[in-house]
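Everything below belongs to my_file14.tsv, which stores TSV, C-alpha atoms.
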```tsv
chain	number	residue	atom	x	y	z
A	1	MET	CA	36.36	6.42	30.82
A	2	SER	CA	35.26	3.55	33.04
A	3	TYR	CA	32.58	3.83	35.73
A	4	SER	CA	35.26	3.69	38.45
A	5	GLN	CA	37.05	6.68	36.92
A	6	VAL	CA	34.02	9.00	36.95
A	7	GLN	CA	34.70	11.98	39.21
A	8	VAL	CA	31.85	12.70	41.62
A	9	ASP	CA	31.55	16.08	43.30
A	10	PRO	CA	30.57	15.38	46.95
A	11	ASN	CA	29.07	18.89	47.18
A	12	GLN	CA	26.83	18.38	44.15
A	13	THR	CA	23.11	18.16	45.00
A	14	ASP	CA	21.09	15.47	43.28
A	15	PHE	CA	18.61	16.70	40.70
A	16	PRO	CA	15.34	15.64	42.45
A	17	SER	CA	16.32	17.63	45.53
A	18	ASN	CA	16.18	20.80	43.44
A	19	LEU	CA	12.56	20.18	42.42
A	20	PRO	CA	9.68	21.74	44.36
A	21	ASP	CA	7.42	19.49	46.39
A	22	ALA	CA	4.45	20.10	44.10
A	23	LEU	CA	6.36	18.78	41.08
A	24	LEU	CA	7.68	15.76	42.98
A	25	ILE	CA	4.14	14.90	44.10
A	26	THR	CA	2.98	15.13	40.49
A	27	ILE	CA	5.74	12.72	39.42
A	28	LEU	CA	4.81	10.30	42.21
A	29	SER	CA	1.17	10.39	41.09
A	30	PHE	CA	2.11	8.43	37.96
A	31	LEU	CA	3.27	5.48	40.08
A	32	PRO	CA	1.11	2.84	41.78
A	33	THR	CA	0.71	3.83	45.41
A	34	PRO	CA	2.78	0.90	46.83
A	35	THR	CA	5.63	1.84	44.49
A	36	ALA	CA	5.39	5.53	45.38
A	37	ALA	CA	5.45	4.59	49.07
A	38	ARG	CA	8.90	3.06	48.64
A	39	THR	CA	10.35	6.51	47.96
A	40	SER	CA	9.79	7.33	51.64
A	41	VAL	CA	13.13	5.66	52.47
A	42	LEU	CA	15.15	7.94	50.17
A	43	CYS	CA	15.46	10.79	52.63
A	44	ARG	CA	13.51	12.67	55.26
A	45	ARG	CA	11.98	15.01	52.69
A	46	PHE	CA	10.40	12.09	50.83
A	47	ARG	CA	9.00	10.44	53.95
A	48	HIS	CA	5.46	11.78	53.52
A	49	LEU	CA	5.41	13.18	49.99
A	50	TRP	CA	3.78	10.07	48.51
A	51	GLU	CA	0.82	10.45	50.89
A	52	ALA	CA	-0.10	13.71	49.15
A	53	SER	CA	-0.31	12.16	45.67
A	54	PRO	CA	-3.58	13.12	43.94
A	55	SER	CA	-3.76	9.58	42.51
A	56	VAL	CA	-4.24	6.53	44.76
A	57	GLN	CA	-4.09	2.92	43.54
A	58	ILE	CA	-4.39	0.12	46.11
A	59	SER	CA	-5.34	-3.55	46.11
A	60	THR	CA	-6.87	-6.04	48.59
A	61	TYR	CA	-4.59	-8.92	47.62
A	62	ASN	CA	-3.13	-8.47	51.08
A	63	SER	CA	-5.89	-7.16	53.36
A	64	HIS	CA	-3.56	-6.09	56.20
A	65	LYS	CA	-1.33	-4.05	53.89
A	66	PHE	CA	-4.44	-2.72	52.14
A	67	ILE	CA	-5.86	-1.33	55.39
A	68	ALA	CA	-2.52	0.15	56.45
A	69	MET	CA	-2.04	1.78	53.06
A	70	ALA	CA	-5.61	3.03	52.79
A	71	ASP	CA	-5.48	4.49	56.30
A	72	ARG	CA	-2.43	6.59	55.42
A	73	VAL	CA	-3.39	7.80	51.94
A	74	LEU	CA	-7.15	8.15	52.48
A	75	LEU	CA	-8.62	8.06	55.99
A	76	ARG	CA	-5.82	10.12	57.60
A	77	ARG	CA	-5.25	12.26	54.51
A	78	ASN	CA	-4.65	15.97	55.00
A	79	PRO	CA	-7.77	17.78	53.71
A	80	SER	CA	-5.50	20.29	51.99
A	81	HIS	CA	-4.37	17.52	49.61
A	82	PRO	CA	-7.20	16.88	47.12
A	83	LEU	CA	-7.80	13.41	45.73
A	84	LEU	CA	-8.36	13.34	41.96
A	85	THR	CA	-8.11	9.62	41.09
A	86	LEU	CA	-8.88	6.50	43.12
A	87	HIS	CA	-8.24	3.00	41.75
A	88	LEU	CA	-9.39	0.10	43.94
A	89	ASP	CA	-8.58	-3.53	43.12
A	90	LEU	CA	-11.05	-5.42	45.29
A	91	TYR	CA	-10.47	-8.94	44.04
A	92	LYS	CA	-9.92	-10.67	47.34
A	93	PHE	CA	-11.77	-9.95	50.54
A	94	THR	CA	-10.86	-11.59	53.83
A	95	PRO	CA	-12.68	-11.70	57.18
A	96	SER	CA	-10.19	-9.20	58.55
A	97	LEU	CA	-11.60	-6.51	56.27
A	98	PRO	CA	-14.77	-5.05	57.87
A	99	ASP	CA	-17.87	-4.65	55.67
A	100	SER	CA	-18.00	-0.96	56.43
A	101	TYR	CA	-14.38	-0.29	55.54
A	102	VAL	CA	-14.66	0.24	51.77
A	103	PRO	CA	-17.77	2.48	52.14
A	104	SER	CA	-15.77	4.57	54.62
A	105	LEU	CA	-13.00	4.96	52.05
A	106	LEU	CA	-15.49	6.13	49.44
A	107	ALA	CA	-17.09	8.56	51.88
A	108	LYS	CA	-13.66	10.02	52.66
A	109	ALA	CA	-12.86	10.25	48.93
A	110	ARG	CA	-16.12	12.13	48.46
A	111	SER	CA	-15.06	14.73	51.03
A	112	LEU	CA	-11.72	15.17	49.20
A	113	GLY	CA	-13.37	16.07	45.88
A	114	LEU	CA	-12.73	12.78	44.03
A	115	ARG	CA	-13.04	13.12	40.24
A	116	HIS	CA	-12.11	9.71	38.80
A	117	LEU	CA	-13.07	6.36	40.35
A	118	ASN	CA	-12.07	2.95	38.99
A	119	ILE	CA	-13.10	-0.21	40.82
A	120	LYS	CA	-12.08	-3.69	39.70
A	121	GLY	CA	-12.82	-7.06	41.19
A	122	ARG	CA	-15.26	-9.93	41.60
A	123	PHE	CA	-17.47	-9.14	44.53
A	124	ASP	CA	-20.93	-7.87	45.34
A	125	PHE	CA	-20.38	-4.14	45.30
A	126	VAL	CA	-24.03	-3.12	44.75
A	127	HIS	CA	-24.26	-1.92	48.35
A	128	LEU	CA	-21.55	0.63	47.47
A	129	LEU	CA	-23.56	2.26	44.68
A	130	PRO	CA	-25.49	4.75	46.85
A	131	THR	CA	-22.21	6.08	48.23
A	132	ILE	CA	-20.56	6.09	44.79
A	133	PHE	CA	-23.37	7.99	43.13
A	134	SER	CA	-23.43	10.52	45.97
A	135	ILE	CA	-19.97	11.81	44.97
A	136	HIS	CA	-20.97	15.12	43.39
A	137	SER	CA	-17.47	15.87	42.05
A	138	LEU	CA	-17.18	12.57	40.11
A	139	GLU	CA	-16.31	13.00	36.41
A	140	SER	CA	-15.49	9.41	35.39
A	141	LEU	CA	-16.60	6.08	36.83
A	142	SER	CA	-15.58	2.52	35.95
A	143	LEU	CA	-17.22	-0.45	37.68
A	144	PRO	CA	-16.93	-4.24	37.28
A	145	ALA	CA	-19.73	-6.43	35.96
A	146	ILE	CA	-22.99	-6.43	37.89
A	147	GLY	CA	-24.34	-9.93	38.51
A	148	PRO	CA	-27.78	-11.38	37.76
A	149	ASP	CA	-29.04	-11.32	41.36
A	150	ASN	CA	-29.54	-7.55	41.34
A	151	SER	CA	-32.67	-6.00	39.88
A	152	HIS	CA	-32.94	-2.41	41.14
A	153	ILE	CA	-29.32	-1.45	41.60
A	154	PHE	CA	-29.12	2.30	41.02
A	155	PRO	CA	-30.50	5.06	43.25
A	156	SER	CA	-33.96	6.27	42.27
A	157	THR	CA	-32.70	9.68	41.23
A	158	LEU	CA	-29.27	10.93	40.12
A	159	THR	CA	-30.17	14.33	38.73
A	160	SER	CA	-28.85	16.25	41.74
A	161	THR	CA	-25.77	14.10	42.41
A	162	CYS	CA	-23.87	12.99	39.27
A	163	ILE	CA	-24.06	16.39	37.63
A	164	ARG	CA	-20.41	16.25	36.47
A	165	LEU	CA	-20.16	12.61	35.39
A	166	LYS	CA	-18.81	12.57	31.82
A	167	SER	CA	-17.51	8.99	31.45
A	168	LEU	CA	-19.17	5.76	32.61
A	169	SER	CA	-17.96	2.17	32.16
A	170	LEU	CA	-19.79	-0.88	33.49
A	171	GLY	CA	-21.10	-4.32	32.64
A	172	PHE	CA	-24.38	-6.23	33.02
A	173	SER	CA	-24.73	-9.98	33.28
A	174	GLY	CA	-28.38	-10.92	33.38
A	175	VAL	CA	-29.41	-7.56	34.86
A	176	ASP	CA	-32.37	-5.83	33.25
A	177	PRO	CA	-30.85	-3.13	30.98
A	178	ALA	CA	-33.93	-1.04	31.73
A	179	GLU	CA	-32.04	-0.07	34.89
A	180	LEU	CA	-29.43	1.62	32.73
A	181	GLY	CA	-32.11	3.05	30.44
A	182	ARG	CA	-33.67	4.65	33.50
A	183	ILE	CA	-30.55	6.46	34.69
A	184	LEU	CA	-28.99	7.51	31.36
A	185	PRO	CA	-31.37	10.44	30.80
A	186	GLN	CA	-30.52	11.66	34.32
A	187	LEU	CA	-26.77	11.80	33.58
A	188	ARG	CA	-26.97	15.10	31.75
A	189	SER	CA	-23.20	15.58	31.40
A	190	LEU	CA	-22.42	12.04	30.21
A	191	GLU	CA	-20.39	12.00	26.98
A	192	ASP	CA	-18.55	8.65	27.01
A	193	LEU	CA	-20.22	5.29	27.73
A	194	GLN	CA	-18.57	1.85	27.78
A	195	LEU	CA	-21.03	-0.98	28.27
A	196	GLU	CA	-20.72	-4.78	28.22
A	197	VAL	CA	-23.95	-6.79	28.20
A	198	HIS	CA	-24.52	-10.54	28.71
A	199	ASN	CA	-27.66	-12.67	28.85
A	200	ARG	CA	-30.24	-10.15	27.63
A	201	ASP	CA	-32.74	-10.37	24.79
A	202	MET	CA	-33.22	-6.63	24.33
A	203	LEU	CA	-31.08	-3.53	24.69
A	204	CYS	CA	-32.38	0.02	24.39
A	205	LEU	CA	-30.13	3.02	25.03
A	206	SER	CA	-31.29	6.63	24.89
A	207	SER	CA	-29.30	9.76	25.74
A	208	GLN	CA	-29.16	13.31	24.47
A	209	THR	CA	-25.53	13.93	25.52
A	210	ILE	CA	-23.47	10.79	24.76
A	211	ARG	CA	-20.89	11.48	22.04
A	212	LYS	CA	-18.81	8.30	22.23
A	213	ILE	CA	-19.91	4.75	23.00
A	214	LYS	CA	-18.23	1.35	23.23
A	215	LEU	CA	-20.83	-1.41	23.24
A	216	ILE	CA	-19.87	-5.08	23.72
A	217	ILE	CA	-22.41	-7.88	23.36
A	218	GLY	CA	-20.91	-10.82	25.24
A	219	LEU	CA	-21.65	-14.52	25.30
A	220	GLY	CA	-24.64	-15.77	27.24
A	221	ASP	CA	-27.55	-18.20	27.32
A	222	ARG	CA	-29.99	-15.50	26.19
A	223	LYS	CA	-29.56	-13.92	22.75
A	224	ILE	CA	-30.21	-10.28	21.97
A	225	ASP	CA	-32.92	-10.02	19.31
A	226	THR	CA	-33.60	-6.27	19.57
A	227	LEU	CA	-31.13	-3.38	19.59
A	228	GLN	CA	-32.31	0.21	19.82
A	229	LEU	CA	-30.00	3.22	19.99
A	230	PHE	CA	-31.40	6.76	20.28
A	231	LEU	CA	-28.27	8.86	20.56
A	232	PRO	CA	-28.67	12.15	18.64
A	233	SER	CA	-25.25	13.51	19.77
A	234	LEU	CA	-23.22	10.37	19.09
A	235	GLU	CA	-20.08	10.91	16.99
A	236	SER	CA	-18.08	7.69	17.59
A	237	LEU	CA	-19.38	4.10	17.82
A	238	HIS	CA	-17.38	1.01	18.76
A	239	PHE	CA	-19.55	-2.10	18.52
A	240	GLU	CA	-18.35	-5.62	19.35
A	241	ASN	CA	-20.52	-8.71	19.09
A	242	TRP	CA	-19.37	-12.08	20.44
A	243	GLU	CA	-22.80	-13.66	20.40
A	244	LEU	CA	-24.83	-15.44	17.71
A	245	PHE	CA	-27.78	-13.22	16.89
A	246	PRO	CA	-31.10	-14.95	16.13
A	247	ASN	CA	-32.40	-14.95	12.57
A	248	GLN	CA	-35.16	-12.52	13.50
A	249	PHE	CA	-32.91	-9.66	14.62
A	250	HIS	CA	-34.44	-6.20	14.96
A	251	ILE	CA	-32.37	-3.04	14.98
A	252	HIS	CA	-33.36	0.60	15.14
A	253	VAL	CA	-30.58	3.18	15.30
A	254	GLU	CA	-30.90	6.96	15.32
A	255	VAL	CA	-27.41	8.49	15.31
A	256	PRO	CA	-27.58	11.45	12.89
A	257	LEU	CA	-24.19	12.96	13.89
A	258	LEU	CA	-22.19	9.71	13.77
A	259	LYS	CA	-18.85	10.18	12.00
A	260	LYS	CA	-16.75	7.16	12.99
A	261	ALA	CA	-17.73	3.51	13.48
A	262	ASP	CA	-15.67	0.44	14.42
A	263	ILE	CA	-17.70	-2.75	13.98
A	264	ILE	CA	-16.45	-6.17	15.14
A	265	PHE	CA	-18.34	-9.44	14.71
A	266	ASP	CA	-16.78	-12.61	16.04
A	267	GLU	CA	-19.07	-14.70	13.86
A	268	ALA	CA	-20.69	-14.11	10.49
A	269	CYS	CA	-23.76	-16.21	11.29
A	270	ALA	CA	-26.13	-13.28	11.80
A	271	LEU	CA	-25.68	-11.84	8.32
A	272	ASN	CA	-28.85	-9.77	8.52
A	273	ALA	CA	-27.59	-8.17	11.76
A	274	ILE	CA	-24.38	-7.02	10.06
A	275	THR	CA	-26.06	-5.62	6.94
A	276	ARG	CA	-28.81	-3.90	8.92
A	277	LEU	CA	-26.30	-2.26	11.21
A	278	LEU	CA	-24.30	-1.04	8.20
A	279	ASN	CA	-27.47	0.30	6.60
A	280	ALA	CA	-28.27	2.25	9.77
A	281	ILE	CA	-24.86	4.00	9.85
A	282	SER	CA	-24.32	4.55	6.12
A	283	HIS	CA	-23.76	8.30	6.71
A	284	VAL	CA	-20.41	7.84	8.55
A	285	GLU	CA	-17.09	9.30	7.37
A	286	GLU	CA	-14.86	6.53	8.78
A	287	LEU	CA	-15.84	2.87	8.84
A	288	SER	CA	-13.86	-0.11	10.12
A	289	LEU	CA	-15.41	-3.57	9.80
A	290	HIS	CA	-13.88	-6.79	11.13
A	291	VAL	CA	-15.77	-10.06	10.73
A	292	LYS	CA	-14.60	-13.59	11.48
A	293	ASP	CA	-16.29	-16.49	9.72
A	294	GLU	CA	-15.29	-19.72	11.41
A	295	THR	CA	-18.47	-21.83	11.38
A	296	GLN	CA	-20.16	-21.39	7.98
A	297	LEU	CA	-19.46	-24.27	5.59
A	298	ILE	CA	-20.63	-22.38	2.49
A	299	PRO	CA	-19.45	-18.81	1.72
A	300	ASN	CA	-22.05	-16.10	2.23
A	301	SER	CA	-22.04	-12.42	1.39
A	302	ILE	CA	-21.43	-10.27	4.46
A	303	LEU	CA	-21.46	-6.75	3.04
A	304	TRP	CA	-24.77	-7.03	1.24
A	305	GLU	CA	-27.84	-9.23	1.04
A	306	PRO	CA	-28.50	-10.57	-2.46
A	307	GLY	CA	-31.73	-9.08	-3.75
A	308	VAL	CA	-31.54	-6.16	-1.31
A	309	ARG	CA	-30.34	-2.76	-2.49
A	310	MET	CA	-27.07	-1.71	-0.86
A	311	PRO	CA	-27.27	1.78	0.69
A	312	ASN	CA	-25.19	4.74	-0.47
A	313	TYR	CA	-22.30	5.94	1.67
A	314	PRO	CA	-22.19	9.59	0.54
A	315	TYR	CA	-19.74	10.88	3.17
A	316	LEU	CA	-17.47	7.86	3.64
A	317	LYS	CA	-13.81	8.86	3.33
A	318	SER	CA	-11.98	5.95	5.00
A	319	LEU	CA	-12.94	2.28	4.70
A	320	ASN	CA	-11.11	-0.52	6.52
A	321	VAL	CA	-12.49	-4.03	5.99
A	322	SER	CA	-11.09	-7.25	7.45
A	323	LEU	CA	-12.88	-10.47	6.49
A	324	CYS	CA	-12.53	-13.53	4.29
A	325	PHE	CA	-12.44	-12.10	0.77
A	326	HIS	CA	-13.91	-15.03	-1.07
A	327	GLU	CA	-15.75	-14.27	-4.29
A	328	LEU	CA	-19.02	-13.10	-2.74
A	329	ASN	CA	-17.37	-10.73	-0.27
A	330	PHE	CA	-15.04	-9.37	-2.93
A	331	GLN	CA	-18.06	-8.70	-5.11
A	332	GLY	CA	-19.68	-6.92	-2.17
A	333	VAL	CA	-16.66	-4.59	-1.87
A	334	LEU	CA	-16.86	-3.74	-5.57
A	335	ILE	CA	-20.53	-2.86	-5.25
A	336	MET	CA	-19.83	-0.83	-2.11
A	337	LEU	CA	-17.07	1.19	-3.82
A	338	HIS	CA	-19.56	2.40	-6.40
A	339	LYS	CA	-21.66	3.67	-3.49
A	340	CYS	CA	-18.82	5.72	-1.93
A	341	PRO	CA	-18.23	8.84	-4.07
A	342	ALA	CA	-16.15	10.63	-1.36
A	343	LEU	CA	-13.85	7.68	-0.52
A	344	GLU	CA	-10.18	8.64	-0.06
A	345	SER	CA	-8.53	5.55	1.48
A	346	LEU	CA	-9.30	1.83	1.31
A	347	LYS	CA	-7.74	-0.98	3.33
A	348	LEU	CA	-8.73	-4.59	2.66
A	349	ILE	CA	-7.33	-7.43	4.80
A	350	HIS	CA	-8.05	-11.05	4.02
A	351	GLU	CA	-9.08	-12.98	7.13
A	352	ILE	CA	-7.53	-16.39	6.44
A	353	PRO	CA	-10.29	-18.96	7.01
A	354	MET	CA	-10.11	-22.09	9.15
A	355	PHE	CA	-10.47	-25.58	7.79
A	356	THR	CA	-10.46	-27.51	11.06
A	357	GLY	CA	-12.90	-27.91	13.93
A	358	TRP	CA	-16.29	-26.43	13.09
A	359	ALA	CA	-15.08	-25.62	9.57
A	360	GLU	CA	-13.70	-29.05	8.75
A	361	GLY	CA	-16.14	-29.57	5.85
A	362	ARG	CA	-15.10	-26.47	3.89
A	363	LYS	CA	-13.68	-26.64	0.39
A	364	LYS	CA	-10.50	-24.56	0.20
A	365	GLU	CA	-11.15	-23.50	-3.39
A	366	ASP	CA	-14.34	-21.72	-2.24
A	367	TRP	CA	-12.61	-19.65	0.45
A	368	GLY	CA	-9.50	-18.34	-1.32
A	369	SER	CA	-8.72	-14.61	-1.41
A	370	LYS	CA	-9.84	-12.71	-4.51
A	371	LEU	CA	-7.81	-9.62	-3.62
A	372	PRO	CA	-5.23	-8.45	-6.20
A	373	SER	CA	-1.60	-9.40	-5.68
A	374	ASN	CA	0.32	-6.87	-3.56
A	375	GLY	CA	3.98	-5.83	-3.37
A	376	ASP	CA	4.78	-8.79	-1.13
A	377	GLY	CA	3.65	-11.19	-3.81
A	378	ASN	CA	0.50	-12.40	-2.03
A	379	ASN	CA	-3.16	-11.43	-1.95
A	380	ASN	CA	-3.66	-11.23	1.82
A	381	TYR	CA	-4.10	-7.45	1.89
A	382	ALA	CA	-4.59	-4.44	-0.37
A	383	TYR	CA	-4.12	-0.77	0.55
A	384	PHE	CA	-5.22	2.13	-1.65
A	385	THR	CA	-4.97	5.88	-1.01
A	386	ASN	CA	-5.85	9.14	-2.80
A	387	LEU	CA	-9.01	7.63	-4.19
A	388	HIS	CA	-10.57	11.09	-4.26
A	389	LEU	CA	-8.35	11.80	-7.27
A	390	GLY	CA	-10.32	10.75	-10.34
A	391	LYS	CA	-7.38	9.16	-12.17
A	392	ASN	CA	-6.37	7.01	-9.19
A	393	ARG	CA	-9.91	5.89	-8.58
A	394	LYS	CA	-10.40	4.76	-12.17
A	395	GLU	CA	-7.13	2.79	-12.17
A	396	ILE	CA	-7.98	1.05	-8.89
A	397	MET	CA	-11.50	0.21	-10.00
A	398	ARG	CA	-10.10	-1.16	-13.26
A	399	LEU	CA	-7.61	-3.31	-11.31
A	400	LEU	CA	-10.24	-4.69	-8.93
A	401	ASN	CA	-12.70	-5.39	-11.71
A	402	LYS	CA	-10.00	-7.15	-13.69
A	403	VAL	CA	-9.23	-9.43	-10.75
A	404	TYR	CA	-12.92	-10.15	-10.24
A	405	LEU	CA	-13.52	-10.95	-13.91
```

Translate this file's structure into structure tokens.
Amino acid sequence: MSYSQVQVDPNQTDFPSNLPDALLITILSFLPTPTAARTSVLCRRFRHLWEASPSVQISTYNSHKFIAMADRVLLRRNPSHPLLTLHLDLYKFTPSLPDSYVPSLLAKARSLGLRHLNIKGRFDFVHLLPTIFSIHSLESLSLPAIGPDNSHIFPSTLTSTCIRLKSLSLGFSGVDPAELGRILPQLRSLEDLQLEVHNRDMLCLSSQTIRKIKLIIGLGDRKIDTLQLFLPSLESLHFENWELFPNQFHIHVEVPLLKKADIIFDEACALNAITRLLNAISHVEELSLHVKDETQLIPNSILWEPGVRMPNYPYLKSLNVSLCFHELNFQGVLIMLHKCPALESLKLIHEIPMFTGWAEGRKKEDWGSKLPSNGDGNNNYAYFTNLHLGKNRKEIMRLLNKVYL
């Protein structure tokens, strides 16, 4: 039957019209606010439904439309319609946007019981922090990077305000991390922290409540030489390093409950930093390690330091390693497997090395993969499961040792 032949009952009511307002508002909350606003032209019933959405997402790309939209969904909002999520894209300010306008939006959001606040953009928003941290109902907060011209950026005390804050995401570029170290103990409900740091030589984080952390060390003129983590409740660690650590790198980590760790190094230059971090988290159950090696001319061992005893991994069940499996790294994996009595699954991915640019002087025969041949007829990856079964483990160890020999 063609489209023109479909019989339409003129008395049939469309499906959305049968839904209650509360459900329609929930559906609209999944749309960006400008998109949800377009539903106001559908019929009279939809004219103001979008204004009651518990989720508001607006941008300053067009300041006039931003003010008109924010006035309707925030400043003139019916107090009976709570605001759960507010997403502000503040990338472009214009003279037509008063300095007091955004603080007024945040103050209104505070009165509506805001729970989740996400601010993006490149602007000096430090003057907004007192208002932001006065929102008692806030459960999650995401802020853009804080620039180097700000020293004391957080309110002196947060104990009585951010009592519900569970998730915090922010970045520092040249700002003294001691500012963050000062407020973390005050955030007594904080469980999830995402932090990006640039241009600092020391980072010390301490919290009794954080259970999950994503820590990114970004590029900068100053290199971090000291990393200290005192997180007794931490269960999941995601660590990314895009900086070249100095040779004298100091690390002290106390994370007794850590179960899962994802470690990413963009460069393998700071070999002692990688091995020391692995030594500090050797009690994990799941470990994922990804290391690129694009500048070293001579292969080096990443998983262990020759002459230094590799730690035991007594509880490790899942190991995922992605790096250049030249002879030294392949040998490191073999040694590591003997240290993992509880291992159940193993995934090895050969990071194909570069031979141009910084690595132009490499000899290809030194950087070839030593992994065994797989079902695809290459040695770029190797997956093994059920290693906890004694027979399987012996066969896999025999295969790997055979390739190595």

List the residues sitting within 10 Å of (-14.0, 16.4, 45.9) in the file's frame, using only C-alpha atoms, as an mmCIF file with C-alpha atoms, keeping the file's coordinate frame.
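See part.cif below for the written result:
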```cif
data_model
loop_
_atom_site.group_PDB
_atom_site.id
_atom_site.type_symbol
_atom_site.label_atom_id
_atom_site.label_comp_id
_atom_site.auth_asym_id
_atom_site.auth_seq_id
_atom_site.Cartn_x
_atom_site.Cartn_y
_atom_site.Cartn_z
ATOM 1 C CA PRO A 82 -7.200 16.880 47.120
ATOM 2 C CA LEU A 83 -7.800 13.410 45.730
ATOM 3 C CA LEU A 84 -8.360 13.340 41.960
ATOM 4 C CA LYS A 108 -13.660 10.020 52.660
ATOM 5 C CA ALA A 109 -12.860 10.250 48.930
ATOM 6 C CA ARG A 110 -16.120 12.130 48.460
ATOM 7 C CA SER A 111 -15.060 14.730 51.030
ATOM 8 C CA LEU A 112 -11.720 15.170 49.200
ATOM 9 C CA GLY A 113 -13.370 16.070 45.880
ATOM 10 C CA LEU A 114 -12.730 12.780 44.030
ATOM 11 C CA ARG A 115 -13.040 13.120 40.240
ATOM 12 C CA HIS A 116 -12.110 9.710 38.800
ATOM 13 C CA ILE A 135 -19.970 11.810 44.970
ATOM 14 C CA HIS A 136 -20.970 15.120 43.390
ATOM 15 C CA SER A 137 -17.470 15.870 42.050
ATOM 16 C CA LEU A 138 -17.180 12.570 40.110
#
```

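Interatomic distance, atom CA of A:Ser29 against atom CA of A:Val41: 17.2 Å.
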
Inset, instruction - Excluding A:Gly390 and any residue of its chain fewer than 4 positions from it, enumerate the residues within 12 Å of it, using all atoms listed in the file, and give them as a PyMOL selection string. - result: chain A and resi 341-344+385-386+394-397

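Taking atom CA of A:Leu337 and atom CA of A:Asn272 as the two end points, the separation is 20.3 Å.
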
Inset, instruction - Skip A:Lys260 itself and residues of its chain fewer than 6 positions away, then list as a list in words all residues within 9 Å of it, counting all atoms listed in the file. - result: Glu235, Ser236, Leu237, His238, Val284, Glu285, Glu286, Leu287 and Ser288 of chain A

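The space between atom CA of A:Arg362 and atom CA of A:Ile298 spans 7.0 Å.
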
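With distances taken over all atoms listed in the file, A:Ile352 is the one residue among A:Leu128, A:Ile27, A:Ile251, A:Ile352 lying closest to A:Lys364.
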
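Using only C-alpha atoms for every distance, the candidate list A:Glu240, A:Glu179, A:Glu327, A:Glu139 yields A:Glu327 as the residue closest to A:Asp366.
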
Inset, instruction - Give as JSON, numbers by chain each residue that has an atom at most 7 Å from (-3.3, -4.0, -6.0) in the file, counting only C-alpha atoms. - result: {"A": [372, 373, 374, 382, 399]}

Output as a PDB file, keeping the file's coordinate frame: stretch 345-349 of chain A, completed with all heavy atoms.
```pdb
ATOM      1  N   SER A 345      -9.461   6.645   1.167  1.00  0.00           N
ATOM      2  CA  SER A 345      -8.530   5.550   1.480  1.00  0.00           C
ATOM      3  C   SER A 345      -9.310   4.259   1.674  1.00  0.00           C
ATOM      4  O   SER A 345     -10.419   4.249   2.202  1.00  0.00           O
ATOM      5  CB  SER A 345      -7.712   5.870   2.731  1.00  0.00           C
ATOM      6  OG  SER A 345      -8.532   5.927   3.876  1.00  0.00           O
ATOM      7  N   LEU A 346      -8.674   3.147   1.247  1.00  0.00           N
ATOM      8  CA  LEU A 346      -9.300   1.830   1.310  1.00  0.00           C
ATOM      9  C   LEU A 346      -8.272   0.810   1.779  1.00  0.00           C
ATOM     10  O   LEU A 346      -7.170   0.723   1.227  1.00  0.00           O
ATOM     11  CB  LEU A 346      -9.846   1.430  -0.066  1.00  0.00           C
ATOM     12  CG  LEU A 346     -10.406   0.012  -0.218  1.00  0.00           C
ATOM     13  CD1 LEU A 346     -11.644  -0.168   0.646  1.00  0.00           C
ATOM     14  CD2 LEU A 346     -10.713  -0.290  -1.680  1.00  0.00           C
ATOM     15  N   LYS A 347      -8.618   0.065   2.822  1.00  0.00           N
ATOM     16  CA  LYS A 347      -7.740  -0.980   3.330  1.00  0.00           C
ATOM     17  C   LYS A 347      -8.543  -2.282   3.401  1.00  0.00           C
ATOM     18  O   LYS A 347      -9.562  -2.359   4.080  1.00  0.00           O
ATOM     19  CB  LYS A 347      -7.193  -0.623   4.708  1.00  0.00           C
ATOM     20  CG  LYS A 347      -6.271  -1.690   5.302  1.00  0.00           C
ATOM     21  CD  LYS A 347      -5.848  -1.337   6.728  1.00  0.00           C
ATOM     22  CE  LYS A 347      -4.916  -0.143   6.741  1.00  0.00           C
ATOM     23  NZ  LYS A 347      -4.368   0.090   8.112  1.00  0.00           N
ATOM     24  N   LEU A 348      -8.069  -3.297   2.690  1.00  0.00           N
ATOM     25  CA  LEU A 348      -8.730  -4.590   2.660  1.00  0.00           C
ATOM     26  C   LEU A 348      -7.763  -5.649   3.187  1.00  0.00           C
ATOM     27  O   LEU A 348      -6.647  -5.776   2.678  1.00  0.00           O
ATOM     28  CB  LEU A 348      -9.167  -4.946   1.238  1.00  0.00           C
ATOM     29  CG  LEU A 348     -10.024  -3.899   0.507  1.00  0.00           C
ATOM     30  CD1 LEU A 348     -10.276  -4.337  -0.932  1.00  0.00           C
ATOM     31  CD2 LEU A 348     -11.333  -3.660   1.243  1.00  0.00           C
ATOM     32  N   ILE A 349      -8.176  -6.400   4.195  1.00  0.00           N
ATOM     33  CA  ILE A 349      -7.330  -7.430   4.800  1.00  0.00           C
ATOM     34  C   ILE A 349      -8.075  -8.755   4.749  1.00  0.00           C
ATOM     35  O   ILE A 349      -9.200  -8.871   5.245  1.00  0.00           O
ATOM     36  CB  ILE A 349      -6.967  -7.080   6.259  1.00  0.00           C
ATOM     37  CG1 ILE A 349      -6.216  -5.745   6.311  1.00  0.00           C
ATOM     38  CG2 ILE A 349      -6.138  -8.189   6.886  1.00  0.00           C
ATOM     39  CD1 ILE A 349      -5.881  -5.295   7.716  1.00  0.00           C
TER      40      ILE A 349
END
```
